[in-house]
$ cat coords.txt   # compact mmCIF, C-alpha atoms and all ligand atoms
# COMPACT_ATOMS: atom_id res chain seq x y z
CA MET A 21 0.00 0.00 0.00
CA LYS A 22 1.18 3.48 -0.80
CA LYS A 23 2.32 5.67 2.05
CA ARG A 24 0.21 8.79 2.30
CA VAL A 25 2.41 11.87 2.55
CA ILE A 26 1.67 15.49 3.44
CA VAL A 27 4.37 17.92 2.34
CA LEU A 28 4.48 21.22 4.24
CA GLY A 29 6.68 23.82 2.60
CA SER A 30 6.27 22.05 -0.73
CA THR A 31 7.74 24.84 -2.87
CA GLY A 32 10.85 25.25 -0.67
CA SER A 33 14.11 23.34 -0.89
CA ILE A 34 13.06 20.38 1.30
CA GLY A 35 9.59 20.26 -0.22
CA ARG A 36 10.79 20.20 -3.81
CA GLN A 37 13.30 17.46 -3.01
CA THR A 38 10.58 15.49 -1.22
CA LEU A 39 8.46 15.63 -4.36
CA ASP A 40 11.51 14.47 -6.36
CA VAL A 41 11.65 11.42 -4.09
CA VAL A 42 7.94 10.78 -4.67
CA ARG A 43 8.38 11.06 -8.46
CA ALA A 44 11.39 8.74 -8.38
CA ASN A 45 9.43 6.04 -6.57
CA PRO A 46 6.16 5.65 -8.44
CA GLY A 47 3.89 3.33 -6.53
CA ALA A 48 5.52 3.99 -3.15
CA PHE A 49 3.95 7.29 -2.06
CA ASP A 50 0.71 9.19 -2.45
CA VAL A 51 0.84 12.96 -1.88
CA VAL A 52 -2.36 13.74 0.03
CA GLY A 53 -1.57 17.28 1.18
CA LEU A 54 0.59 20.18 0.01
CA ALA A 55 1.30 23.46 1.77
CA ALA A 56 3.30 26.43 0.53
CA GLY A 57 4.05 29.96 1.62
CA ARG A 58 3.72 32.54 -1.12
CA ASP A 59 4.73 30.82 -4.34
CA VAL A 60 1.19 30.38 -5.62
CA SER A 61 2.09 29.42 -9.19
CA ALA A 62 4.57 26.72 -8.11
CA LEU A 63 1.96 25.33 -5.72
CA ALA A 64 -0.68 25.33 -8.46
CA ALA A 65 1.65 23.29 -10.69
CA GLN A 66 2.28 20.81 -7.84
CA VAL A 67 -1.44 20.49 -7.16
CA ALA A 68 -2.05 19.79 -10.85
CA GLU A 69 0.67 17.13 -10.83
CA PHE A 70 -0.07 15.36 -7.53
CA ALA A 71 -3.80 16.07 -7.05
CA PRO A 72 -3.67 16.11 -3.24
CA GLN A 73 -6.84 15.97 -1.15
CA ALA A 74 -5.99 19.33 0.39
CA ALA A 75 -3.64 22.24 -0.18
CA TYR A 76 -2.70 25.35 1.74
CA CYS A 77 -1.24 28.60 0.54
CA ALA A 78 -0.28 31.35 2.98
CA GLY A 79 -0.69 33.86 0.18
CA GLY A 80 -4.37 33.02 -0.25
CA PRO A 81 -6.32 30.53 -2.35
CA VAL A 82 -4.83 29.12 -5.52
CA ARG A 83 -7.01 30.21 -8.41
CA THR A 84 -7.46 27.76 -11.20
CA ALA A 85 -9.88 27.75 -14.11
CA SER A 86 -12.67 26.27 -12.01
CA SER A 87 -12.13 28.14 -8.78
CA PRO A 88 -14.16 31.31 -8.39
CA ALA A 89 -12.10 34.43 -7.84
CA GLY A 90 -12.19 36.08 -4.45
CA THR A 91 -13.10 33.03 -2.41
CA GLY A 92 -10.99 34.40 0.44
CA SER A 93 -10.14 31.91 3.13
CA SER A 94 -13.07 29.63 2.37
CA PRO A 95 -12.08 26.42 0.65
CA ALA A 96 -11.99 26.80 -3.11
CA HIS A 97 -11.87 23.99 -5.61
CA ALA A 98 -9.23 23.18 -8.15
CA ASP A 99 -9.87 21.13 -11.22
CA ASN A 100 -8.00 17.90 -10.79
CA SER A 101 -10.12 15.85 -13.07
CA ALA A 102 -7.31 15.39 -15.55
CA ALA A 103 -5.93 11.88 -15.95
CA ARG A 104 -3.12 11.13 -13.54
CA THR A 105 -0.68 8.28 -13.49
CA ASP A 106 -1.04 6.14 -10.39
CA GLY A 107 1.70 3.54 -10.50
CA SER A 108 1.07 1.49 -13.60
CA VAL A 109 -2.63 2.31 -13.67
CA SER A 110 -4.05 5.56 -14.95
CA ARG A 111 -7.09 6.71 -13.07
CA LEU A 112 -9.30 9.70 -13.05
CA VAL A 113 -9.22 11.77 -9.92
CA ASN A 114 -12.55 13.43 -9.53
CA ALA A 115 -12.32 14.62 -5.96
CA PRO A 116 -11.33 18.28 -6.03
CA THR A 117 -8.54 19.57 -3.84
CA ARG A 118 -9.77 21.40 -0.75
CA TYR A 119 -7.96 24.68 -0.11
CA TYR A 120 -6.97 26.28 3.14
CA SER A 121 -5.36 29.63 3.89
CA GLY A 122 -4.97 32.04 6.77
CA PRO A 123 -2.90 31.73 9.94
CA ASP A 124 -4.41 28.42 11.11
CA GLY A 125 -4.82 26.96 7.64
CA MET A 126 -1.76 24.74 7.68
CA ALA A 127 -2.75 23.07 10.95
CA GLN A 128 -6.32 22.73 9.58
CA LEU A 129 -4.96 20.95 6.51
CA VAL A 130 -2.97 18.57 8.71
CA GLU A 131 -6.05 17.88 10.82
CA SER A 132 -8.29 17.27 7.81
CA VAL A 133 -6.20 14.71 5.92
CA GLU A 134 -5.32 11.14 6.91
CA ALA A 135 -1.60 10.63 6.34
CA ASP A 136 1.14 8.18 7.30
CA VAL A 137 3.83 10.80 7.40
CA THR A 138 3.93 14.59 7.36
CA VAL A 139 7.09 16.19 6.00
CA VAL A 140 7.69 19.50 7.74
CA GLY A 141 9.87 21.66 5.53
CA THR A 142 8.16 24.91 6.49
CA PRO A 143 10.58 27.12 8.38
CA GLY A 144 9.87 29.00 11.60
CA MET A 145 7.11 28.63 14.12
CA VAL A 146 4.46 28.00 11.45
CA GLY A 147 6.22 24.72 10.76
CA ALA A 148 6.48 23.95 14.47
CA GLN A 149 2.73 24.44 14.95
CA ALA A 150 1.92 22.18 12.02
CA ALA A 151 4.36 19.52 13.29
CA MET A 152 2.62 19.57 16.68
CA ALA A 153 -0.79 19.29 15.02
CA ALA A 154 0.38 16.19 13.11
CA LEU A 155 1.95 14.56 16.19
CA GLU A 156 -1.18 15.22 18.24
CA ARG A 157 -3.13 13.30 15.59
CA GLY A 158 -0.70 10.41 15.99
CA GLN A 159 0.91 11.04 12.60
CA ASN A 160 4.60 10.47 12.09
CA VAL A 161 6.51 13.62 11.28
CA ALA A 162 9.58 13.82 9.06
CA LEU A 163 11.07 16.91 10.58
CA ALA A 164 13.27 19.24 8.56
CA ASN A 165 12.23 22.34 10.48
CA LYS A 166 14.98 23.09 13.01
CA GLU A 167 13.12 25.50 15.27
CA THR A 168 10.59 22.86 16.27
CA LEU A 169 13.02 20.72 18.26
CA VAL A 170 15.40 23.52 19.21
CA MET A 171 12.71 25.73 20.72
CA ALA A 172 10.20 23.15 21.88
CA GLY A 173 12.01 19.79 21.94
CA ASP A 174 10.50 18.76 25.25
CA LEU A 175 6.92 19.56 24.14
CA VAL A 176 7.39 17.91 20.75
CA MET A 177 8.90 14.66 22.02
CA ARG A 178 6.23 14.45 24.72
CA ALA A 179 3.44 14.98 22.16
CA ALA A 180 4.98 12.24 20.01
CA ALA A 181 5.26 9.78 22.91
CA GLU A 182 1.75 10.48 24.20
CA ASN A 183 0.18 9.96 20.77
CA GLY A 184 2.24 7.00 19.62
CA ALA A 185 3.80 9.02 16.80
CA ALA A 186 7.43 9.19 15.76
CA VAL A 187 9.64 12.14 14.93
CA LEU A 188 11.63 10.86 11.96
CA PRO A 189 15.06 12.49 11.53
CA THR A 190 15.24 14.14 8.13
CA ASP A 191 18.40 16.20 8.35
CA SER A 192 21.41 14.41 6.86
CA GLU A 193 23.35 14.27 10.15
CA HIS A 194 20.45 13.01 12.24
CA SER A 195 19.47 10.54 9.55
CA GLY A 196 23.09 9.33 9.67
CA VAL A 197 22.92 8.85 13.45
CA TRP A 198 19.54 7.13 13.11
CA GLN A 199 20.94 4.71 10.52
CA CYS A 200 24.03 3.98 12.68
CA LEU A 201 21.85 3.30 15.72
CA ARG A 202 19.60 0.77 14.02
CA GLY A 203 19.91 -2.59 15.73
CA GLU A 204 22.07 -1.16 18.50
CA ASP A 205 21.44 -0.86 22.24
CA GLN A 206 21.07 2.81 23.15
CA ALA A 207 22.79 2.13 26.49
CA ALA A 208 25.96 1.12 24.61
CA VAL A 209 26.30 4.51 22.91
CA ARG A 210 29.33 6.42 24.13
CA ARG A 211 28.83 9.48 21.95
CA LEU A 212 27.40 10.85 18.71
CA ILE A 213 29.55 12.85 16.35
CA LEU A 214 27.79 15.17 13.91
CA ALA A 215 29.75 16.10 10.80
CA ALA A 216 29.95 19.74 9.70
CA SER A 217 31.30 20.82 6.33
CA GLY A 218 32.75 23.93 7.95
CA GLY A 219 30.98 26.08 5.36
CA PRO A 220 32.61 28.34 2.79
CA PHE A 221 34.82 30.15 5.34
CA ARG A 222 36.37 27.17 7.06
CA THR A 223 39.90 28.44 6.38
CA ALA A 224 39.16 32.18 6.34
CA SER A 225 41.05 34.55 8.64
CA ASP A 226 39.31 36.86 11.13
CA ARG A 227 39.84 39.77 8.76
CA GLU A 228 38.35 37.88 5.85
CA LEU A 229 35.39 36.81 8.01
CA ALA A 230 34.70 40.42 8.95
CA ALA A 231 34.50 41.35 5.26
CA VAL A 232 32.29 38.46 4.11
CA THR A 233 29.43 39.53 1.84
CA PRO A 234 25.98 37.88 1.67
CA GLU A 235 26.80 36.62 -1.84
CA GLN A 236 29.92 34.85 -0.55
CA ALA A 237 28.08 33.40 2.43
CA LEU A 238 25.30 32.08 0.22
CA ARG A 239 27.76 29.99 -1.79
CA HIS A 240 27.96 26.72 0.14
CA PRO A 241 30.73 24.36 -0.99
CA THR A 242 28.86 21.05 -0.72
CA TRP A 243 25.16 21.43 0.07
CA SER A 244 22.48 23.23 -1.89
CA MET A 245 19.95 24.67 0.59
CA GLY A 246 17.74 27.67 1.38
CA ALA A 247 19.29 31.09 2.20
CA LYS A 248 18.77 31.10 5.98
CA ILE A 249 20.23 27.63 6.53
CA THR A 250 23.14 28.39 4.18
CA ILE A 251 24.13 31.41 6.29
CA ASP A 252 23.62 29.33 9.45
CA SER A 253 25.99 26.75 7.97
CA ALA A 254 28.57 29.45 7.24
CA THR A 255 28.47 30.63 10.89
CA LEU A 256 28.24 27.03 12.23
CA LEU A 257 25.12 28.06 14.18
CA ASN A 258 23.35 25.42 12.13
CA LYS A 259 25.56 22.71 13.66
CA GLY A 260 24.80 24.08 17.12
CA LEU A 261 21.09 23.79 16.39
CA GLU A 262 21.67 20.24 15.19
CA VAL A 263 23.39 19.38 18.49
CA ILE A 264 20.23 20.52 20.30
CA GLU A 265 18.04 18.54 17.89
CA ALA A 266 20.17 15.41 18.40
CA HIS A 267 19.77 15.77 22.15
CA TRP A 268 15.99 15.56 21.79
CA LEU A 269 15.81 13.02 18.97
CA PHE A 270 18.16 10.49 20.54
CA ALA A 271 17.61 11.29 24.25
CA LEU A 272 21.31 11.81 24.95
CA PRO A 273 22.98 14.39 27.21
CA TYR A 274 24.89 17.22 25.54
CA ASP A 275 28.29 15.96 26.69
CA LYS A 276 27.71 12.87 24.54
CA ILE A 277 27.14 14.90 21.36
CA ASP A 278 30.24 16.10 19.51
CA VAL A 279 30.87 17.92 16.26
CA VAL A 280 33.65 17.26 13.77
CA ILE A 281 34.60 19.35 10.73
CA HIS A 282 34.56 17.21 7.61
CA PRO A 283 34.80 19.39 4.48
CA GLN A 284 33.87 16.69 1.95
CA SER A 285 30.36 16.12 3.41
CA ILE A 286 30.53 12.40 2.63
CA VAL A 287 30.41 11.19 6.24
CA HIS A 288 27.27 12.67 7.81
CA ALA A 289 27.44 11.27 11.32
CA LEU A 290 29.37 8.81 13.44
CA VAL A 291 28.36 6.87 16.53
CA GLU A 292 30.94 5.61 18.99
CA PHE A 293 29.99 2.65 21.19
CA ALA A 294 31.12 1.53 24.64
CA ASP A 295 33.73 -0.82 23.19
CA GLY A 296 35.32 1.96 21.14
CA ALA A 297 33.85 0.78 17.83
CA VAL A 298 32.64 3.60 15.59
CA LYS A 299 29.94 3.34 12.93
CA ALA A 300 29.65 6.03 10.30
CA GLN A 301 27.04 6.77 7.67
CA LEU A 302 28.42 7.82 4.30
CA SER A 303 26.68 9.00 1.15
CA HIS A 304 26.73 11.78 -1.43
CA PRO A 305 25.68 15.12 0.04
CA ASP A 306 22.15 14.96 -1.33
CA MET A 307 19.16 15.70 0.88
CA ARG A 308 16.97 13.37 -1.13
CA LEU A 309 18.55 10.35 0.57
CA PRO A 310 17.69 11.32 4.18
CA ILE A 311 14.25 12.50 3.02
CA GLN A 312 13.64 9.20 1.24
CA HIS A 313 14.89 7.25 4.25
CA ALA A 314 12.43 9.06 6.52
CA LEU A 315 9.58 8.40 4.08
CA SER A 316 10.36 4.76 3.36
CA TYR A 317 11.50 3.69 6.86
CA PRO A 318 11.81 0.86 7.87
CA GLU A 319 12.29 -0.10 4.22
CA ARG A 320 15.16 1.05 2.03
CA LEU A 321 14.19 2.04 -1.51
CA PRO A 322 16.66 2.30 -4.39
CA THR A 323 17.86 5.72 -5.51
CA TYR A 324 18.52 6.55 -9.13
CA TRP A 325 21.75 8.42 -8.50
CA GLY A 326 24.93 6.41 -8.14
CA GLY A 327 26.73 5.34 -4.97
CA LEU A 328 30.15 6.44 -3.74
CA ASP A 329 33.12 5.49 -5.87
CA PHE A 330 35.85 4.25 -3.52
CA ALA A 331 38.02 3.22 -6.45
CA ARG A 332 38.66 6.95 -6.91
CA ALA A 333 40.04 7.04 -3.36
CA PRO A 334 38.13 10.00 -2.00
CA VAL A 335 40.06 11.83 0.71
CA LEU A 336 38.02 12.16 3.88
CA GLU A 337 39.38 14.78 6.30
CA PHE A 338 38.35 15.39 9.92
CA SER A 339 39.34 18.20 12.27
CA PRO A 340 37.92 19.81 15.41
CA PRO A 341 35.74 22.92 14.96
CA ASP A 342 37.51 26.23 15.65
CA SER A 343 35.25 27.75 18.27
CA ALA A 344 37.34 30.93 18.49
CA ARG A 345 36.51 31.89 14.90
CA PHE A 346 33.07 30.28 14.83
CA SER A 347 31.61 31.20 18.20
CA CYS A 348 28.04 30.36 17.18
CA LEU A 349 28.63 26.71 18.00
CA ASP A 350 29.49 27.58 21.61
CA LEU A 351 26.60 30.04 21.80
CA ALA A 352 24.23 27.22 20.86
CA ARG A 353 25.79 24.97 23.50
CA ARG A 354 25.44 27.77 26.03
CA ALA A 355 21.73 28.17 25.22
CA ALA A 356 21.29 24.39 25.35
CA ALA A 357 22.94 24.17 28.79
CA THR A 358 20.73 27.00 30.10
CA GLY A 359 17.68 25.26 28.66
CA GLY A 360 14.06 26.42 28.95
CA THR A 361 13.45 29.40 26.68
CA ALA A 362 17.18 30.11 26.05
CA PRO A 363 17.29 28.13 22.77
CA THR A 364 14.23 30.12 21.64
CA ALA A 365 16.11 33.37 22.25
CA LEU A 366 19.07 31.87 20.36
CA CYS A 367 16.89 31.03 17.33
CA ALA A 368 15.03 34.33 17.32
CA ALA A 369 18.24 36.35 17.63
CA ASP A 370 19.84 34.37 14.82
CA GLU A 371 16.81 34.91 12.61
CA VAL A 372 17.05 38.68 13.08
CA ALA A 373 20.83 38.70 12.67
CA VAL A 374 20.78 36.63 9.47
CA GLU A 375 18.03 38.79 8.02
CA LEU A 376 20.00 41.97 8.79
CA PHE A 377 23.16 40.43 7.36
CA LEU A 378 21.40 39.41 4.15
CA ARG A 379 20.06 42.97 3.83
CA GLY A 380 23.58 44.34 4.20
CA LYS A 381 22.81 46.04 7.53
CA ILE A 382 25.34 44.17 9.66
CA GLY A 383 28.58 42.28 9.05
CA PHE A 384 29.11 38.54 9.17
CA LEU A 385 30.84 38.66 12.56
CA ASP A 386 27.99 40.77 13.97
CA ILE A 387 25.78 37.67 13.75
CA PRO A 388 27.39 35.90 16.76
CA ARG A 389 27.70 39.26 18.57
CA MET A 390 23.99 39.89 18.21
CA ILE A 391 23.13 36.37 19.38
CA GLU A 392 25.43 36.72 22.37
CA ARG A 393 23.80 40.03 23.34
CA ALA A 394 20.37 38.42 23.11
CA LEU A 395 21.44 35.49 25.32
CA ASP A 396 23.03 37.87 27.83
CA ALA A 397 19.77 39.82 28.04
CA HIS A 398 17.49 36.77 28.16
CA ALA A 399 16.22 35.44 31.49
CA ALA A 400 15.34 31.84 30.63
CA VAL A 401 12.21 30.24 32.08
CA PRO A 402 10.77 26.75 31.51
CA VAL A 403 8.84 26.32 28.23
CA GLU A 404 5.11 26.08 28.90
CA SER A 405 3.57 25.81 25.44
CA LEU A 406 4.14 26.60 21.78
CA ASP A 407 2.35 29.90 22.30
CA HIS A 408 4.78 30.69 25.09
CA VAL A 409 7.70 29.92 22.79
CA LEU A 410 6.13 32.12 20.11
CA ALA A 411 5.78 35.00 22.54
CA VAL A 412 9.40 34.69 23.71
CA ALA A 413 10.63 34.57 20.11
CA ALA A 414 8.58 37.63 19.17
CA GLU A 415 9.81 39.55 22.20
CA THR A 416 13.45 38.71 21.47
CA ARG A 417 13.04 39.76 17.84
CA GLN A 418 11.36 43.00 18.81
CA ARG A 419 14.04 43.93 21.34
CA LEU A 420 16.81 43.28 18.85
CA MET A 421 15.14 45.17 16.03
CA ALA A 422 14.39 48.10 18.33
CA GLY A 423 17.97 48.22 19.58
CA MET A 424 19.54 47.62 16.19
CA TYR A 425 20.39 51.16 15.16
CA SER A 426 20.99 52.65 18.59
CA THR A 427 23.52 49.94 19.52
CA ARG A 428 25.01 49.61 16.04
CA GLU A 429 28.29 51.15 17.27
CA ALA A 430 28.40 48.82 20.27
CA LEU A 431 28.28 45.78 18.02
MG MG B 501 22.30 19.29 8.46

$ encode --input "coords.txt" --output "structure tokens"
Amino acid sequence: MKKRVIVLGSTGSIGRQTLDVVRANPGAFDVVGLAAGRDVSALAAQVAEFAPQAAYCAGGPVRTASSPAGTGSSPAHADNSAARTDGSVSRLVNAPTRYYSGPDGMAQLVESVEADVTVVGTPGMVGAQAAMAALERGQNVALANKETLVMAGDLVMRAAAENGAAVLPTDSEHSGVWQCLRGEDQAAVRRLILAASGGPFRTASDRELAAVTPEQALRHPTWSMGAKITIDSATLLNKGLEVIEAHWLFALPYDKIDVVIHPQSIVHALVEFADGAVKAQLSHPDMRLPIQHALSYPERLPTYWGGLDFARAPVLEFSPPDSARFSCLDLARRAAATGGTAPTALCAADEVAVELFLRGKIGFLDIPRMIERALDAHAAVPVESLDHVLAVAAETRQRLMAGMYSTREAL
């Protein structure tokens, strides 16, 4: 039987690659829900191709030939009656796609469609809310949204446990850990080691780092990703967030989660066991593999791209991260150790800092400075709910934006 898949953030990097995986495995998956932010025309094309039961667009309803204009937030109907290939059998899909929009629309979509797995590629708290909605329905979630676990890991893992749902690692590093841990006794794990490419500025001097432009930072040497995560990879904050995610996903204390710089991005994660044996997961740096693994688990499906060629003797290098030049990693560990709402302040401050950097308002090295200031100013309290997390994030953002110009010199 086909696995029913909802793809949230379907027009973004993770979403598009998820749909690639679906296309590459005809007969394995059925896309039953699609949600996108503002790219209405890309979403309309996806709806026409996959004919999901429901779709959501933050930018309002998708207008097709048969949907009346100006339907606002009320569900409109798209014409999906065209023939559609379903495995080897062509069938006519007569049921029109239901549309949702508005602030609660994505969660409404998740609640209205029966699915086996919901892929959460939507960034920010919108994605976190939708992930919670899916878990509360007992649906497995393939989680590519970082903020969800970083800001609300405790809430999310509790919701999953209480509803018999699983949070399936979808990031390459966590997928690597997950694959290494299969068949192993958790108690025998000595430590996890997450691989980091080191980003485009791995060997840059302090002076070069200070002069980095957004264009340079957006050019990642090994991975092709969205803008925010590419900058986070360049500062290594991304790896810090992944340490926090690993803590929640694999229920391990922070002192058992290490990071290693590995510029080739072939090894994604390593797990060291009590006897000193180390297992590593290797593959091409291609997000479609971890996405496919999350969708097909516990099965492994073939991929159409080739495997690694060891006859060409690839050089695999490993070195410790330089926390003096890339302080974001330590800032993430500091927020993690503080706990409660501190990781929320970390995420919110980073979001503001990256946005300002991309707009040319602050320098590359101002990103960690801004995050540090936010952590210094933040009095962490235990996380109560997603709404609480949202409020803390909004407050942190507001404070930073308000203080941006007046403290520009202090940065
Ligand atoms: Mg990653």

$ residues_around --input "coords.txt" --residues "stretch 23-36 of chain A" --least-positions-apart "5" --cutoff "6 Å" --atoms "only C-alpha atoms" --output "list in words"
Phe49, Asp50, Val51, Val52, Gly53, Leu54, Ala55, Ala56, Ala135, Asp136, Val137, Thr138, Val139, Val140, Gly141 and Thr142 of chain A

$ closest_residue --input "coords.txt" --among "A:Ala215, A:Ala180, A:Val197, A:Ala71" --to "ligand MG 501 (chain B)" --atoms "only C-alpha atoms and all ligand atoms"
A:Ala215

$ closest_atom_pairs --input "coords.txt" --of "chain A" --to "ligand MG 501 (chain B)" --cutoff "9 Å" --atoms "all atoms listed in the file" --output "Markdown table"
| residue | atom | partner | partner_atom | distance |
| --- | --- | --- | --- | --- |
| A:Thr190 | CA | B:MG501 | MG | 8.7 |
| A:Asp191 | CA | B:MG501 | MG | 5.0 |
| A:Ser192 | CA | B:MG501 | MG | 5.2 |
| A:Glu193 | CA | B:MG501 | MG | 5.4 |
| A:His194 | CA | B:MG501 | MG | 7.6 |
| A:Leu214 | CA | B:MG501 | MG | 8.8 |
| A:Ala215 | CA | B:MG501 | MG | 8.4 |
| A:Ala216 | CA | B:MG501 | MG | 7.8 |
| A:Ile249 | CA | B:MG501 | MG | 8.8 |
| A:Ser253 | CA | B:MG501 | MG | 8.3 |
| A:Asn258 | CA | B:MG501 | MG | 7.2 |
| A:Lys259 | CA | B:MG501 | MG | 7.0 |
| A:Glu262 | CA | B:MG501 | MG | 6.8 |
| A:His288 | CA | B:MG501 | MG | 8.3 |
| A:Met307 | CA | B:MG501 | MG | 9.0 |

$ residues_around --input "coords.txt" --residues "stretch 386-402 of chain A" --least-positions-apart "6" --cutoff "9 Å" --atoms "only C-alpha atoms" --output "PDB file with C-alpha atoms, in the coordinates of the input"
ATOM      1  CA  ALA A 230      34.700  40.420   8.950  1.00  0.00           C
ATOM      2  CA  THR A 255      28.470  30.630  10.890  1.00  0.00           C
ATOM      3  CA  LEU A 257      25.120  28.060  14.180  1.00  0.00           C
ATOM      4  CA  PHE A 346      33.070  30.280  14.830  1.00  0.00           C
ATOM      5  CA  SER A 347      31.610  31.200  18.200  1.00  0.00           C
ATOM      6  CA  CYS A 348      28.040  30.360  17.180  1.00  0.00           C
ATOM      7  CA  LEU A 351      26.600  30.040  21.800  1.00  0.00           C
ATOM      8  CA  ARG A 354      25.440  27.770  26.030  1.00  0.00           C
ATOM      9  CA  ALA A 355      21.730  28.170  25.220  1.00  0.00           C
ATOM     10  CA  THR A 358      20.730  27.000  30.100  1.00  0.00           C
ATOM     11  CA  GLY A 359      17.680  25.260  28.660  1.00  0.00           C
ATOM     12  CA  GLY A 360      14.060  26.420  28.950  1.00  0.00           C
ATOM     13  CA  THR A 361      13.450  29.400  26.680  1.00  0.00           C
ATOM     14  CA  ALA A 362      17.180  30.110  26.050  1.00  0.00           C
ATOM     15  CA  PRO A 363      17.290  28.130  22.770  1.00  0.00           C
ATOM     16  CA  ALA A 365      16.110  33.370  22.250  1.00  0.00           C
ATOM     17  CA  LEU A 366      19.070  31.870  20.360  1.00  0.00           C
ATOM     18  CA  CYS A 367      16.890  31.030  17.330  1.00  0.00           C
ATOM     19  CA  ALA A 368      15.030  34.330  17.320  1.00  0.00           C
ATOM     20  CA  ALA A 369      18.240  36.350  17.630  1.00  0.00           C
ATOM     21  CA  ASP A 370      19.840  34.370  14.820  1.00  0.00           C
ATOM     22  CA  VAL A 372      17.050  38.680  13.080  1.00  0.00           C
ATOM     23  CA  ALA A 373      20.830  38.700  12.670  1.00  0.00           C
ATOM     24  CA  VAL A 374      20.780  36.630   9.470  1.00  0.00           C
ATOM     25  CA  LEU A 376      20.000  41.970   8.790  1.00  0.00           C
ATOM     26  CA  PHE A 377      23.160  40.430   7.360  1.00  0.00           C
ATOM     27  CA  THR A 416      13.450  38.710  21.470  1.00  0.00           C
ATOM     28  CA  ARG A 419      14.040  43.930  21.340  1.00  0.00           C
ATOM     29  CA  LEU A 420      16.810  43.280  18.850  1.00  0.00           C
ATOM     30  CA  LEU A 431      28.280  45.780  18.020  1.00  0.00           C
TER      31      LEU A 431
END

$ residues_around --input "coords.txt" --residues "A:Val41" --least-positions-apart "4" --cutoff "9 Å" --atoms "all atoms listed in the file" --output "number ranges by chain"
A: 36-37, 45, 49, 308-309, 311-312, 315, 323

$ residues_around --input "coords.txt" --residues "A:Glu167" --least-positions-apart "3" --cutoff "9 Å" --atoms "all atoms listed in the file" --output "list in words"
Pro143, Gly144, Met145, Gly147, Ala148, Val170, Met171, Ala172, Gly173, Leu261, Glu265, Pro363, Thr364 and Cys367 of chain A

$ closest_residue --input "coords.txt" --among "A:Glu371, A:Glu319, A:Asp329, A:Asp278" --to "A:Asp350" --atoms "all atoms listed in the file"
A:Asp278

$ atom_distance --input "coords.txt" --atom1 "atom CA of A:Thr117" --atom2 "atom CA of A:Arg157"
21.1 Å

$ closest_residue --input "coords.txt" --among "A:Gly158, A:Ala78, A:Ile251, A:Ile264" --to "A:Val146" --atoms "only C-alpha atoms"
A:Ala78

$ residues_around --input "coords.txt" --residues "A:Leu238" --least-positions-apart "4" --cutoff "9 Å" --atoms "all atoms listed in the file" --output "CSV table (one decimal) with C-alpha atoms, keeping the file's coordinate frame"
chain,number,residue,atom,x,y,z
A,220,PRO,CA,32.6,28.3,2.8
A,233,THR,CA,29.4,39.5,1.8
A,234,PRO,CA,26.0,37.9,1.7
A,246,GLY,CA,17.7,27.7,1.4
A,247,ALA,CA,19.3,31.1,2.2
A,248,LYS,CA,18.8,31.1,6.0
A,250,THR,CA,23.1,28.4,4.2
A,251,ILE,CA,24.1,31.4,6.3
A,254,ALA,CA,28.6,29.4,7.2

$ atom_distance --input "coords.txt" --atom1 "atom CA of A:Asn183" --atom2 "atom CA of A:Gln128"
18.2 Å

$ atom_distance --input "coords.txt" --atom1 "atom CA of A:Gly125" --atom2 "atom CA of A:Ala151"
13.1 Å

$ axis_aligned_box --input "coords.txt" --around "stretch 136-144 of chain A" --padding-each-side "5 Å" --output "AutoDock Vina command-line options"
--center_x 5.9 --center_y 18.6 --center_z 8.6 --size_x 19.4 --size_y 30.8 --size_z 16.1

$ closest_residue --input "coords.txt" --among "A:Thr223, A:Ser217, A:Ser316, A:Ser303" --to "A:Asn160" --atoms "all atoms listed in the file"
A:Ser316

$ closest_residue --input "coords.txt" --among "A:Ala127, A:Val176, A:Leu410, A:Val187" --to "A:Ala162" --atoms "only C-alpha atoms"
A:Val187

$ closest_residue --input "coords.txt" --among "A:Ala231, A:Val298, A:Leu336, A:Ala64" --to "A:His282" --atoms "all atoms listed in the file"
A:Leu336
